[in-house]
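Enquirer: Below: one structure in structure tokens.
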Amino acid sequence: MKSEDKDSKGHVSWCWKQKRGIKLEEPNNNLCTAYIEKAKSALNMLDSAIEKKEIEWIATTAYYSRYFALYALLQKCGIKSEIHDCTISLMHFLLVEENIIDKQLYDELLLAKDLRVDTQYYVTEQIDKEKLKTDSATAKIFVLKMEEVIEDLTEDNIKTIRQKLTNARPHD
């Protein structure tokens, strides 16, 4: 899912069919809290990677801090997804399209994912240091914003999100 928007409903439908794709479970505040802690741990490691100028780890920890914060929100709603592209599609389909979060956060997560992939798998390419600097600088803000969304999420929001996801489930 290289930085372009996919047909999120179509992709979510595909994700339902995957073994490690989307599953509805009971909403879980304990897992939500645990994933927020993982996001904060990744932010701590990001600070260390920045201090040591470890480019690959800057990109990796900036991405995972965001990913874990998103996953925390999904856990609060009782949604499991073990495929990163599916989780990111859920962000667009359930949260951006429903105006629960800004599209800017979704775009930031896509950029962070692309930077992580580029540093992890394409070692011969020159990494755009400005993109990396912006990405790492905005990771903390992303996590804070996701925490605010989690805090403000109502039972009605969760029901709406779960219903929209259920409606996107393909009928075999």
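Residue names in the structure tokens use chain letters A, B, ... in the order shown, residue numbers from 1 in each chain, and ligand numbers from 1 in the order shown.
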Counting only C-alpha atoms, which residues in region 84-154 of chain A sit no more than 7 Å from region 34-58 of chain A? For each one, give the nearest pair of atoms and the distance in Å, sorted by chain then residue number, as a Markdown table.
Expert:
| residue | atom | partner | partner_atom | distance |
| --- | --- | --- | --- | --- |
| A:Thr119 | CA | A:Glu56 | CA | 5.3 |
| A:Gln120 | CA | A:Glu56 | CA | 6.5 |
| A:Ser136 | CA | A:Ile58 | CA | 6.8 |
| A:Lys140 | CA | A:Leu43 | CA | 6.8 |
Enquirer: Deliver the residues from the most recent selection as a file, using C-alpha atoms, as a JSON list (two decimals), in the first residue's frame.
Expert:
[["chain", "number", "residue", "atom", "x", "y", "z"],
["A", 119, "THR", "CA", 15.21, 2.04, 5.30],
["A", 120, "GLN", "CA", 14.59, -1.62, 6.13],
["A", 136, "SER", "CA", 10.27, 11.62, 13.81],
["A", 140, "LYS", "CA", 4.86, 12.12, 19.52]]
Enquirer: Would you mind listing what lies within 10 Å of Lys19 (chain A) as a ChimeraX atom specification, with only C-alpha atoms counted and same-chain residues fewer than 3 positions away left out?
Expert: /A:15-16,22-23,81-83
Enquirer: Could you please take those selected residues and save N, CA and C atoms as a tab-separated table (two decimals), in the first residue's frame?
Expert:
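New file out_30.tsv:
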chain	number	residue	atom	x	y	z
A	15	CYS	N	-9.48	-7.90	3.45
A	15	CYS	CA	-8.84	-8.20	4.73
A	15	CYS	C	-9.68	-9.14	5.60
A	16	TRP	N	-11.01	-9.03	5.49
A	16	TRP	CA	-11.88	-9.94	6.24
A	16	TRP	C	-11.60	-11.40	5.87
A	22	ILE	N	-8.86	-9.20	9.44
A	22	ILE	CA	-9.74	-8.55	10.41
A	22	ILE	C	-10.59	-9.55	11.17
A	23	LYS	N	-10.68	-9.31	12.48
A	23	LYS	CA	-11.57	-10.10	13.33
A	23	LYS	C	-12.22	-9.15	14.34
A	81	SER	N	-6.41	-6.99	13.87
A	81	SER	CA	-5.89	-7.08	12.51
A	81	SER	C	-4.38	-7.28	12.61
A	82	GLU	N	-3.90	-8.39	12.09
A	82	GLU	CA	-2.47	-8.68	12.19
A	82	GLU	C	-1.70	-8.37	10.91
A	83	ILE	N	-2.38	-7.82	9.91
A	83	ILE	CA	-1.74	-7.43	8.66
A	83	ILE	C	-1.68	-5.91	8.64
Enquirer: Could you please write out, as a ChimeraX atom specification, every residue of chain A that DSSP assigns to alpha helix (DSSP H)?
Expert: /A:8-16,29-52,55-76,84-90,103-121,129-152,155-167
Enquirer: Residues near Met146 (chain A), anyone? I mean within 8 Å using only C-alpha atoms, not counting same-chain ones fewer than 2 positions away, as a count of residues only.
Expert: 9
Enquirer: Between A:Gln75, A:Gln126, A:Gln18, A:Ser13, which has the minimum distance to Asn30 (chain A) (counting only C-alpha atoms)?
Expert: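 Ranking A:Gln75, A:Gln126, A:Gln18, A:Ser13 by distance to Asn30 (chain A), first place goes to A:Gln75.
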Enquirer: Could you check the closest approach to Leu115 (chain A) for each of A:Lys80, A:Lys9, A:His171, A:Lys131 and tell me which residue wins, using only C-alpha atoms?
Expert: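 Answer, going by the shortest atom-to-atom distance: A:Lys131.
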Enquirer: Looking at only C-alpha atoms, which of A:Ile127, A:Ile161, A:Leu31, A:Ile88 is the one that sits closest to His11 (chain A)?
Expert: A:Ile88
Enquirer: Write out as number ranges by chain all residues of region 12-94 of chain A that DSSP puts in strand (DSSP E) for this structure's backbone.
Expert: A: 22-24, 79-81
Enquirer: Please, could you write that set of residues out with C-alpha atoms as a PDB file, in the first residue's frame?
Expert:
ATOM      1  CA  ILE A  22      -9.735  -8.545  10.408  1.00  0.00           C
ATOM      2  CA  LYS A  23     -11.573 -10.101  13.334  1.00  0.00           C
ATOM      3  CA  LEU A  24     -14.169  -8.632  15.668  1.00  0.00           C
ATOM      4  CA  ILE A  79     -11.009  -4.990  16.335  1.00  0.00           C
ATOM      5  CA  LYS A  80      -8.036  -7.239  15.640  1.00  0.00           C
ATOM      6  CA  SER A  81      -5.888  -7.078  12.511  1.00  0.00           C
TER       7      SER A  81
END
Enquirer: When you look at Gln104 (chain A) with a cut-off of 12 Å (counting only C-alpha atoms), what residues show up, excluding the ones that are within fewer than 3 positions of it in the same chain? I need them as a PyMOL selection string.
Expert: chain A and resi 91-92+95-96+99-101+107-111+138+141-142+145
Enquirer: With distances taken over only C-alpha atoms, which residue among A:Asp7, A:Gln163, A:Gly21, A:Cys32 lies nearest Leu74 (chain A)?
Expert: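 Of the candidates, the smallest distance to Leu74 (chain A) is held by A:Cys32.
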Enquirer: Tell me, in Å to one decimal, how far CA of Glu25 (chain A) is from CA of Glu97 (chain A).
Expert: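 If I compute the distance from CA of Glu25 (chain A) to CA of Glu97 (chain A), I get 21.9 Å.
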Enquirer: Considering only C-alpha atoms, state which residue in the set A:Leu105, A:Lys17, A:Ser8, A:Leu132 is at the smallest distance from Asp118 (chain A).
Expert: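 Nearest to Asp118 (chain A): A:Leu132.
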Enquirer: Grab the CA of Asn29 (chain A) to CA of Leu165 (chain A) distance for me, in Å with one decimal place.
Expert: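 So the answer is 19.2 Å.
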Enquirer: Identify which of the residues A:Asn28, A:Ala137, A:Tyr71, A:Tyr63 lies closest to Val117 (chain A), counting only C-alpha atoms when measuring atom-to-atom distances.
Expert: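 Residue with the minimum atom-to-atom distance to Val117 (chain A): A:Tyr63.
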